[in-house]
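With mmCIF, C-alpha atoms inside, this is target_19.cif:
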```
data_run
#
loop_
_atom_site.label_atom_id
_atom_site.label_comp_id
_atom_site.auth_asym_id
_atom_site.auth_seq_id
_atom_site.Cartn_x
_atom_site.Cartn_y
_atom_site.Cartn_z
CA MET A 22 -21.95 15.20 -15.87
CA SER A 23 -18.69 16.28 -17.54
CA ILE A 24 -17.93 14.27 -20.68
CA VAL A 25 -14.39 14.13 -22.11
CA LEU A 26 -13.06 12.01 -24.96
CA GLY A 27 -10.15 9.98 -23.58
CA ILE A 28 -7.69 8.49 -26.06
CA ASP A 29 -4.97 5.99 -25.21
CA VAL A 30 -2.14 5.78 -27.76
CA GLY A 31 -0.43 2.40 -27.57
CA ALA A 32 2.28 0.56 -29.45
CA THR A 33 -0.22 -1.57 -31.38
CA GLY A 34 -3.55 0.23 -31.04
CA ILE A 35 -5.11 3.64 -30.42
CA LYS A 36 -8.40 3.51 -28.56
CA GLY A 37 -10.95 6.11 -27.55
CA ASN A 38 -13.85 6.26 -25.12
CA LEU A 39 -16.23 8.96 -24.01
CA ILE A 40 -15.71 9.31 -20.26
CA ASP A 41 -17.92 10.73 -17.53
CA THR A 42 -15.09 12.23 -15.46
CA ALA A 43 -17.35 12.79 -12.44
CA SER A 44 -17.73 9.03 -11.99
CA GLY A 45 -14.85 7.61 -14.04
CA THR A 46 -17.26 5.56 -16.12
CA LEU A 47 -17.50 4.92 -19.86
CA VAL A 48 -20.46 6.44 -21.68
CA SER A 49 -19.66 4.92 -25.06
CA GLU A 50 -18.39 1.74 -26.63
CA ARG A 51 -14.62 1.67 -27.11
CA TYR A 52 -13.43 2.55 -30.59
CA LYS A 53 -10.00 1.18 -31.48
CA LEU A 54 -7.81 1.50 -34.56
CA PRO A 55 -4.33 0.05 -35.25
CA THR A 56 -1.34 2.25 -34.50
CA PRO A 57 0.36 3.02 -37.85
CA GLY A 58 3.43 0.93 -38.60
CA LYS A 59 5.33 4.16 -39.18
CA SER A 60 3.94 6.10 -36.22
CA THR A 61 5.11 9.62 -37.13
CA PRO A 62 3.16 12.64 -35.84
CA ALA A 63 1.36 13.06 -39.17
CA ASN A 64 0.33 9.39 -39.33
CA VAL A 65 -0.82 9.27 -35.70
CA VAL A 66 -2.86 12.45 -36.20
CA LYS A 67 -4.73 10.76 -39.06
CA ILE A 68 -5.86 8.02 -36.66
CA LEU A 69 -6.75 10.52 -33.94
CA LYS A 70 -8.88 12.44 -36.44
CA GLU A 71 -10.71 9.23 -37.36
CA ILE A 72 -11.48 8.59 -33.69
CA ILE A 73 -12.67 12.16 -33.18
CA GLU A 74 -14.86 11.89 -36.27
CA HIS A 75 -16.28 8.58 -35.04
CA PHE A 76 -17.44 10.26 -31.82
CA LYS A 77 -18.37 13.54 -33.57
CA TRP A 78 -16.10 15.28 -31.08
CA GLU A 79 -14.39 18.07 -33.04
CA GLY A 80 -13.64 21.18 -30.97
CA LYS A 81 -14.51 19.53 -27.66
CA ASP A 82 -12.57 18.40 -24.56
CA LEU A 83 -9.95 15.73 -25.22
CA GLY A 84 -7.33 13.94 -23.11
CA ILE A 85 -4.58 11.86 -24.73
CA GLY A 86 -2.37 9.33 -22.99
CA PHE A 87 0.86 8.96 -24.92
CA PRO A 88 3.88 6.57 -24.70
CA SER A 89 6.46 9.25 -23.99
CA ILE A 90 7.89 11.46 -21.30
CA VAL A 91 5.71 14.57 -21.60
CA ARG A 92 6.98 17.82 -20.11
CA ASN A 93 5.28 21.16 -20.71
CA GLY A 94 3.54 19.71 -23.74
CA LYS A 95 6.74 18.43 -25.36
CA THR A 96 7.36 14.71 -25.93
CA LEU A 97 10.93 13.98 -24.85
CA SER A 98 11.15 10.27 -25.60
CA ALA A 99 9.61 7.67 -27.88
CA SER A 100 8.63 4.41 -26.21
CA ASN A 101 7.48 1.96 -28.90
CA ILE A 102 6.61 4.85 -31.22
CA ASP A 103 8.44 6.71 -34.00
CA ASP A 104 11.54 8.70 -33.00
CA ALA A 105 10.10 11.78 -34.74
CA TRP A 106 8.23 12.41 -31.48
CA ILE A 107 11.47 12.99 -29.53
CA ASN A 108 11.84 16.65 -28.48
CA PHE A 109 8.66 17.47 -30.37
CA ASN A 110 6.16 20.19 -29.37
CA ALA A 111 3.45 17.59 -29.50
CA GLU A 112 0.68 19.23 -27.50
CA ASP A 113 0.75 22.44 -29.55
CA TYR A 114 0.86 20.38 -32.75
CA LEU A 115 -2.10 18.27 -31.70
CA LYS A 116 -4.15 21.26 -30.58
CA LYS A 117 -3.63 22.85 -33.98
CA GLU A 118 -4.32 19.70 -35.99
CA LEU A 119 -7.24 18.39 -33.96
CA LYS A 120 -8.84 21.76 -33.13
CA ALA A 121 -9.63 20.61 -29.62
CA ASN A 122 -9.15 21.68 -26.02
CA LEU A 123 -6.72 18.93 -25.07
CA ILE A 124 -4.02 17.75 -22.73
CA LEU A 125 -1.21 15.29 -23.50
CA ILE A 126 0.01 13.09 -20.67
CA ASN A 127 2.32 10.10 -20.29
CA ASP A 128 0.20 6.99 -20.86
CA ALA A 129 1.18 5.19 -17.65
CA ASP A 130 0.58 8.37 -15.64
CA ALA A 131 -2.89 8.45 -17.19
CA ALA A 132 -3.52 4.85 -16.13
CA GLY A 133 -2.24 5.74 -12.67
CA ILE A 134 -4.64 8.67 -12.35
CA SER A 135 -7.57 6.39 -13.12
CA GLU A 136 -6.43 3.98 -10.39
CA LEU A 137 -5.89 6.86 -7.96
CA TYR A 138 -9.40 8.26 -8.32
CA TYR A 139 -11.45 5.15 -9.05
CA GLY A 140 -9.33 2.04 -8.59
CA ALA A 141 -6.77 0.23 -6.49
CA ALA A 142 -4.90 3.38 -5.36
CA LYS A 143 -7.99 5.25 -4.16
CA GLY A 144 -7.49 6.49 -0.60
CA LYS A 145 -4.00 4.97 -0.34
CA MET A 146 -1.33 7.03 1.39
CA GLY A 147 2.44 6.56 1.31
CA THR A 148 4.23 5.50 -1.87
CA VAL A 149 2.18 3.67 -4.49
CA ILE A 150 3.69 2.38 -7.73
CA LEU A 151 1.62 1.28 -10.71
CA LEU A 152 3.39 -0.83 -13.33
CA THR A 153 1.65 -1.48 -16.63
CA LEU A 154 3.06 -4.69 -18.07
CA GLY A 155 2.41 -4.83 -21.81
CA THR A 156 4.61 -4.31 -24.87
CA GLY A 157 6.93 -2.50 -22.46
CA ILE A 158 6.58 -1.39 -18.85
CA GLY A 159 4.97 1.90 -17.99
CA SER A 160 4.97 3.30 -14.48
CA ALA A 161 3.21 5.84 -12.31
CA ILE A 162 4.35 6.78 -8.82
CA PHE A 163 2.13 8.49 -6.25
CA PHE A 164 3.16 9.81 -2.85
CA ASP A 165 0.26 10.58 -0.51
CA GLY A 166 -2.01 10.80 -3.53
CA LYS A 167 0.18 13.13 -5.59
CA LEU A 168 1.63 12.07 -8.92
CA ILE A 169 5.37 12.14 -9.57
CA PRO A 170 5.20 12.28 -13.39
CA ASN A 171 7.23 10.62 -16.13
CA THR A 172 9.02 8.01 -14.07
CA GLU A 173 9.51 5.42 -16.88
CA LEU A 174 10.63 2.59 -14.57
CA GLY A 175 10.47 0.21 -17.51
CA HIS A 176 13.67 1.84 -18.76
CA LEU A 177 15.66 1.38 -15.56
CA ARG A 178 19.02 -0.20 -16.28
CA TYR A 179 18.81 -3.83 -15.25
CA LYS A 180 21.25 -6.70 -15.85
CA LYS A 181 22.39 -6.40 -19.48
CA SER A 182 19.47 -4.28 -20.64
CA ILE A 183 16.42 -2.59 -19.03
CA THR A 184 13.65 -3.89 -16.81
CA GLU A 185 10.99 -4.16 -19.52
CA GLN A 186 13.15 -6.65 -21.42
CA TYR A 187 12.65 -9.07 -18.51
CA ALA A 188 9.32 -8.33 -16.82
CA SER A 189 6.95 -7.04 -19.51
CA ASN A 190 4.21 -9.25 -20.87
CA SER A 191 5.85 -9.13 -24.29
CA ALA A 192 9.04 -10.54 -22.70
CA ARG A 193 6.99 -13.44 -21.33
CA GLU A 194 5.48 -14.08 -24.75
CA ARG A 195 8.76 -13.65 -26.64
CA LYS A 196 10.58 -16.12 -24.39
CA GLU A 197 7.57 -18.47 -24.29
CA LEU A 198 7.68 -18.60 -20.50
CA SER A 199 5.10 -20.11 -18.20
CA TYR A 200 3.53 -17.70 -15.71
CA GLU A 201 5.64 -19.24 -12.94
CA GLN A 202 8.87 -18.82 -14.94
CA TRP A 203 8.01 -15.24 -15.90
CA ALA A 204 7.00 -14.40 -12.33
CA LYS A 205 10.56 -15.14 -11.19
CA ASP A 206 11.83 -12.36 -13.44
CA LEU A 207 8.97 -10.07 -12.47
CA GLU A 208 9.66 -10.64 -8.78
CA LYS A 209 13.35 -9.74 -9.22
CA VAL A 210 12.36 -6.51 -11.00
CA LEU A 211 9.86 -5.68 -8.24
CA LEU A 212 12.55 -6.29 -5.62
CA TYR A 213 14.92 -4.00 -7.54
CA ILE A 214 12.32 -1.23 -7.70
CA GLU A 215 11.44 -1.83 -4.05
CA HIS A 216 15.09 -1.37 -3.10
CA LEU A 217 15.09 2.03 -4.84
CA PHE A 218 11.71 3.41 -3.71
CA SER A 219 10.45 1.38 -0.71
CA PRO A 220 6.82 1.51 -1.87
CA ASP A 221 3.88 0.59 0.34
CA LEU A 222 1.91 -0.81 -2.58
CA PHE A 223 2.53 -2.15 -6.08
CA ILE A 224 -0.37 -2.16 -8.53
CA ILE A 225 0.02 -4.43 -11.55
CA GLY A 226 -1.75 -3.03 -14.61
CA GLY A 227 -1.97 -3.74 -18.31
CA GLY A 228 -3.86 -6.63 -19.88
CA ILE A 229 -1.86 -9.11 -17.79
CA SER A 230 -3.58 -7.81 -14.66
CA LYS A 231 -6.66 -9.84 -15.62
CA LYS A 232 -4.60 -13.00 -15.06
CA PHE A 233 -3.13 -11.89 -11.74
CA ASP A 234 -4.14 -15.13 -10.01
CA LYS A 235 -1.87 -17.11 -12.37
CA TYR A 236 1.33 -15.50 -11.03
CA ALA A 237 0.55 -13.63 -7.79
CA THR A 238 1.55 -16.52 -5.53
CA PHE A 239 5.07 -16.50 -7.00
CA LEU A 240 5.76 -12.91 -5.90
CA ASN A 241 6.13 -13.71 -2.21
CA LYS A 242 9.57 -12.18 -1.57
CA VAL A 243 8.35 -8.63 -2.11
CA ASN A 244 7.64 -6.72 1.11
CA ALA A 245 5.14 -4.27 -0.36
CA ASP A 246 1.55 -5.29 -0.94
CA ILE A 247 0.85 -6.29 -4.56
CA VAL A 248 -2.61 -6.01 -6.10
CA PRO A 249 -4.02 -6.05 -9.64
CA ALA A 250 -5.26 -2.87 -11.26
CA VAL A 251 -9.01 -2.34 -11.20
CA MET A 252 -9.59 -0.16 -14.25
CA LEU A 253 -8.17 -2.68 -16.77
CA ASN A 254 -8.22 -1.75 -20.48
CA ALA A 255 -10.07 1.52 -19.92
CA ALA A 256 -7.47 2.89 -17.48
CA GLY A 257 -5.50 4.95 -20.00
CA SER A 258 -8.55 6.54 -21.59
CA ILE A 259 -10.19 7.34 -18.25
CA GLY A 260 -7.00 8.77 -16.78
CA ALA A 261 -6.30 10.91 -19.84
CA ALA A 262 -9.81 12.35 -19.64
CA MET A 263 -9.39 12.93 -15.91
CA ALA A 264 -6.07 14.74 -16.49
CA LEU A 265 -7.86 17.38 -18.55
CA THR A 266 -10.55 17.82 -15.90
CA LEU A 267 -7.91 18.19 -13.17
CA LYS A 268 -6.10 20.83 -15.21
CA LYS A 269 -9.16 23.08 -15.38
#
```

Structure re-expressed in C-alpha cells:
Amino acid sequence: MSIVLGIDVGATGIKGNLIDTASGTLVSERYKLPTPGKSTPANVVKILKEIIEHFKWEGKDLGIGFPSIVRNGKTLSASNIDDAWINFNAEDYLKKELKANLILINDADAAGISELYYGAAKGKMGTVILLTLGTGIGSAIFFDGKLIPNTELGHLRYKKSITEQYASNSARERKELSYEQWAKDLEKVLLYIEHLFSPDLFIIGGGISKKFDKYATFLNKVNADIVPAVMLNAAGSIGAAMALTLKK
C-alpha cells in the first residue's frame, strides 16, 4: 500500500485526504479549510501547512491539485486565485516551504487522472473530455488514455465572454436558473467543444455531477456520450496523489 497526501486547492476551500494510490481509495477523513480571501502564495502555504500538520505528514509524499496552468513546476495562470501565482515557480517554492516530496498539477487534470484510473474514463479509448463544473470550468482531455495537460476549456472564448460564464455551476446559481434553463447553455457549450475536438465521451464532474439526473435529459443534441463523474468530491485529491505516484 502506497499512501500519499492528496490536496485539492479550490477557489473556496482547500481539502486534503490520505490516499491509497494502489486502489484509489481514501484512508482518512477529509480535512478542509477555507481558501484565504487574499490567496497569495504565502497565505495559501499557511493553509497547506495546517493540513500537513493535521495529518502529521511533514517530509512525506504529497500531491497538490492547483487552479492554474502548471508547466515544469511553474504556475502560468491564476483561475479564481490571486494573480501573484502567475509566472511563479510554485513547485520549487512549495517544496522549500513544505519540506515534502511533492508534485503540483492542474486541478482539473488531477480530477481527470482519478477518473482515468478509477472512474468513468477507465478503459476508454479515443478522445475523452472531463469538465468540472463548479466556480469555473476545469477540463482534462485524454486521448487513448494519455493526458493532454492544461487545456483550460473553461476559458475558451464564447459569445461575449468565456464558456465558464455560461455553463459553470456558479453561472447557474448567479443567474438563478432552473436545471432545464441552465442545461440549454451547457448543451451549447458542449456542442461548441464537440465541434472543436470531436470527443467520444464527455464526463461531467464537480459537485453538480451528483445531480446529473436533473439535467442529463436536456443534453440530447450532443453526439458524444455524456456521463457523470464517478469520483465526486475526492477526485482532485486522489488524482493529485496519483500524479506523484505516476511520476516516480

Inset, instruction - Please provide as a PyMOL selection string all residues within 8 Å of region 26-32 of chain A, with the sequence filter that same-chain residues fewer than 5 positions apart are discarded (counting all atoms listed in the file). - result: chain A and resi 37-40+56+78+82-88+101-102+128+156+257-262

Okay, now the selection with C-alpha atoms, as a short mmCIF file (atom, residue, chain, number, x, y, z; two decimals), in the coordinates of the input?
```
data_model
loop_
_atom_site.label_atom_id
_atom_site.label_comp_id
_atom_site.auth_asym_id
_atom_site.auth_seq_id
_atom_site.Cartn_x
_atom_site.Cartn_y
_atom_site.Cartn_z
CA GLY A 37 -10.95 6.11 -27.55
CA ASN A 38 -13.85 6.26 -25.12
CA LEU A 39 -16.23 8.96 -24.01
CA ILE A 40 -15.71 9.31 -20.26
CA THR A 56 -1.34 2.25 -34.50
CA TRP A 78 -16.10 15.28 -31.08
CA ASP A 82 -12.57 18.40 -24.56
CA LEU A 83 -9.95 15.73 -25.22
CA GLY A 84 -7.33 13.94 -23.11
CA ILE A 85 -4.58 11.86 -24.73
CA GLY A 86 -2.37 9.33 -22.99
CA PHE A 87 0.86 8.96 -24.92
CA PRO A 88 3.88 6.57 -24.70
CA ASN A 101 7.48 1.96 -28.90
CA ILE A 102 6.61 4.85 -31.22
CA ASP A 128 0.20 6.99 -20.86
CA THR A 156 4.61 -4.31 -24.87
CA GLY A 257 -5.50 4.95 -20.00
CA SER A 258 -8.55 6.54 -21.59
CA ILE A 259 -10.19 7.34 -18.25
CA GLY A 260 -7.00 8.77 -16.78
CA ALA A 261 -6.30 10.91 -19.84
CA ALA A 262 -9.81 12.35 -19.64
#
```

Inset, instruction - Kindly indicate which residue among A:Ile214, A:Met146, A:Leu198, A:Ala255 lies nearest to Lys53 (chain A), using all atoms listed in the file for the distances. - result: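 Ranked by minimum distance to Lys53 (chain A), first place goes to A:Ala255.
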
Inset, instruction - Around the point (-0.3, -13.9, -9.7) in the file's coordinates, collect all residues with an atom within 9 Å, using only C-alpha atoms, and return them as a count of residues only. - result: 15

Legend entry - Residues within 12 Å of (5.2, 21.9, -30.3), file coords, only C-alpha atoms, listed as a ChimeraX atom specification: /A:62,91-97,106-118,125

Inset, instruction - Can you pull out every residue within 10 Å of Thr61 (chain A), counting only C-alpha atoms, but drop anything in the same chain fewer than 3 positions away, and send it as a list in words? - result: Pro57, Gly58, Asn64, Val65, Val66, Ile102, Asp103, Asp104, Ala105 and Trp106 of chain A

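Put simply, CA of Ala129 (chain A) is 17.3 Å away from CA of Thr266 (chain A).
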
Legend entry - Shell of 9 Å around Ala161 (chain A), only C-alpha atoms, local chain residues under 6 positions omitted, as number ranges by chain: A: 129-134, 149-153, 168-174

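Straight-line separation from CA of Tyr187 (chain A) to CA of Ser60 (chain A): 24.9 Å.
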
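Taking CA of Ala264 (chain A) as the reference point, CA of Lys143 (chain A) is found at 15.7 Å.
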
Legend entry - For Gly157 (chain A), the nearest of the candidates A:Asn122, A:Ser89, A:Asn254, A:Ser135, counting only C-alpha atoms: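 Looking at the shortest contact to Gly157 (chain A), the residue is A:Ser89.
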
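Here the question is which of A:Ser98, A:Thr148, A:Asn241, A:Thr42 gets nearest to Glu208 (chain A) using only C-alpha atoms, and that residue is A:Asn241.
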
Inset, instruction - Name every residue that the PyMOL selection byres ((chain A and resi 221) around 10) selects in this structure, writing the answer as a PyMOL selection string with chains first and numbers rising. - result: chain A and resi 145-150+164+215+218-220+222-223+244-247

Please write N, CA and C atoms of region 190-219 of chain A, from the structure given just now, as an mmCIF file, in the first residue's frame.
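The resulting selection-v5.cif:
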```
data_model
loop_
_atom_site.group_PDB
_atom_site.id
_atom_site.type_symbol
_atom_site.label_atom_id
_atom_site.label_comp_id
_atom_site.auth_asym_id
_atom_site.auth_seq_id
_atom_site.Cartn_x
_atom_site.Cartn_y
_atom_site.Cartn_z
ATOM 1 N N ASN A 190 -21.417 25.821 -12.744
ATOM 2 C CA ASN A 190 -22.474 25.770 -11.740
ATOM 3 C C ASN A 190 -22.686 27.133 -11.097
ATOM 4 N N SER A 191 -21.607 27.895 -10.947
ATOM 5 C CA SER A 191 -21.755 29.235 -10.368
ATOM 6 C C SER A 191 -22.574 30.139 -11.292
ATOM 7 N N ALA A 192 -22.476 29.936 -12.610
ATOM 8 C CA ALA A 192 -23.299 30.713 -13.548
ATOM 9 C C ALA A 192 -24.774 30.369 -13.347
ATOM 10 N N ARG A 193 -25.056 29.092 -13.153
ATOM 11 C CA ARG A 193 -26.439 28.672 -12.886
ATOM 12 C C ARG A 193 -26.968 29.343 -11.619
ATOM 13 N N GLU A 194 -26.155 29.332 -10.577
ATOM 14 C CA GLU A 194 -26.587 29.918 -9.309
ATOM 15 C C GLU A 194 -26.712 31.436 -9.403
ATOM 16 N N ARG A 195 -25.747 32.057 -10.078
ATOM 17 C CA ARG A 195 -25.753 33.528 -10.188
ATOM 18 C C ARG A 195 -26.975 34.025 -10.953
ATOM 19 N N LYS A 196 -27.346 33.299 -12.000
ATOM 20 C CA LYS A 196 -28.483 33.702 -12.831
ATOM 21 C C LYS A 196 -29.800 33.144 -12.311
ATOM 22 N N GLU A 197 -29.730 32.336 -11.246
ATOM 23 C CA GLU A 197 -30.920 31.723 -10.643
ATOM 24 C C GLU A 197 -31.728 30.946 -11.683
ATOM 25 N N LEU A 198 -31.021 30.093 -12.417
ATOM 26 C CA LEU A 198 -31.645 29.306 -13.479
ATOM 27 C C LEU A 198 -32.132 27.962 -12.942
ATOM 28 N N SER A 199 -33.193 27.461 -13.522
ATOM 29 C CA SER A 199 -33.587 26.071 -13.266
ATOM 30 C C SER A 199 -32.571 25.160 -13.955
ATOM 31 N N TYR A 200 -32.596 23.879 -13.602
ATOM 32 C CA TYR A 200 -31.655 22.952 -14.253
ATOM 33 C C TYR A 200 -31.929 22.874 -15.754
ATOM 34 N N GLU A 201 -33.201 22.927 -16.130
ATOM 35 C CA GLU A 201 -33.535 22.868 -17.557
ATOM 36 C C GLU A 201 -33.022 24.110 -18.286
ATOM 37 N N GLN A 202 -33.196 25.283 -17.696
ATOM 38 C CA GLN A 202 -32.701 26.515 -18.321
ATOM 39 C C GLN A 202 -31.173 26.497 -18.450
ATOM 40 N N TRP A 203 -30.516 26.107 -17.373
ATOM 41 C CA TRP A 203 -29.046 26.055 -17.372
ATOM 42 C C TRP A 203 -28.528 25.017 -18.360
ATOM 43 N N ALA A 204 -29.246 23.899 -18.476
ATOM 44 C CA ALA A 204 -28.814 22.827 -19.375
ATOM 45 C C ALA A 204 -28.792 23.290 -20.829
ATOM 46 N N LYS A 205 -29.632 24.257 -21.183
ATOM 47 C CA LYS A 205 -29.605 24.779 -22.551
ATOM 48 C C LYS A 205 -28.280 25.466 -22.837
ATOM 49 N N ASP A 206 -27.783 26.223 -21.861
ATOM 50 C CA ASP A 206 -26.465 26.853 -22.027
ATOM 51 C C ASP A 206 -25.357 25.814 -22.007
ATOM 52 N N LEU A 207 -25.465 24.853 -21.089
ATOM 53 C CA LEU A 207 -24.455 23.798 -21.019
ATOM 54 C C LEU A 207 -24.398 23.013 -22.321
ATOM 55 N N GLU A 208 -25.554 22.691 -22.876
ATOM 56 C CA GLU A 208 -25.579 21.932 -24.125
ATOM 57 C C GLU A 208 -24.889 22.707 -25.253
ATOM 58 N N LYS A 209 -25.140 24.011 -25.339
ATOM 59 C CA LYS A 209 -24.498 24.818 -26.382
ATOM 60 C C LYS A 209 -22.981 24.831 -26.216
ATOM 61 N N VAL A 210 -22.508 24.890 -24.965
ATOM 62 C CA VAL A 210 -21.065 24.855 -24.718
ATOM 63 C C VAL A 210 -20.497 23.489 -25.090
ATOM 64 N N LEU A 211 -21.210 22.412 -24.748
ATOM 65 C CA LEU A 211 -20.762 21.070 -25.121
ATOM 66 C C LEU A 211 -20.699 20.913 -26.637
ATOM 67 N N LEU A 212 -21.684 21.461 -27.335
ATOM 68 C CA LEU A 212 -21.687 21.385 -28.798
ATOM 69 C C LEU A 212 -20.516 22.172 -29.391
ATOM 70 N N TYR A 213 -20.191 23.293 -28.783
ATOM 71 C CA TYR A 213 -19.048 24.108 -29.215
ATOM 72 C C TYR A 213 -17.742 23.338 -29.031
ATOM 73 N N ILE A 214 -17.582 22.731 -27.866
ATOM 74 C CA ILE A 214 -16.376 21.941 -27.603
ATOM 75 C C ILE A 214 -16.344 20.703 -28.504
ATOM 76 N N GLU A 215 -17.504 20.111 -28.732
ATOM 77 C CA GLU A 215 -17.576 18.943 -29.619
ATOM 78 C C GLU A 215 -17.147 19.306 -31.041
ATOM 79 N N HIS A 216 -17.542 20.474 -31.496
ATOM 80 C CA HIS A 216 -17.146 20.938 -32.825
ATOM 81 C C HIS A 216 -15.626 21.059 -32.938
ATOM 82 N N LEU A 217 -14.974 21.448 -31.858
ATOM 83 C CA LEU A 217 -13.519 21.647 -31.875
ATOM 84 C C LEU A 217 -12.742 20.346 -31.737
ATOM 85 N N PHE A 218 -13.250 19.395 -30.916
ATOM 86 C CA PHE A 218 -12.444 18.233 -30.545
ATOM 87 C C PHE A 218 -13.038 16.875 -30.934
ATOM 88 N N SER A 219 -14.292 16.827 -31.320
ATOM 89 C CA SER A 219 -14.964 15.574 -31.687
ATOM 90 C C SER A 219 -14.721 14.453 -30.670
#
```
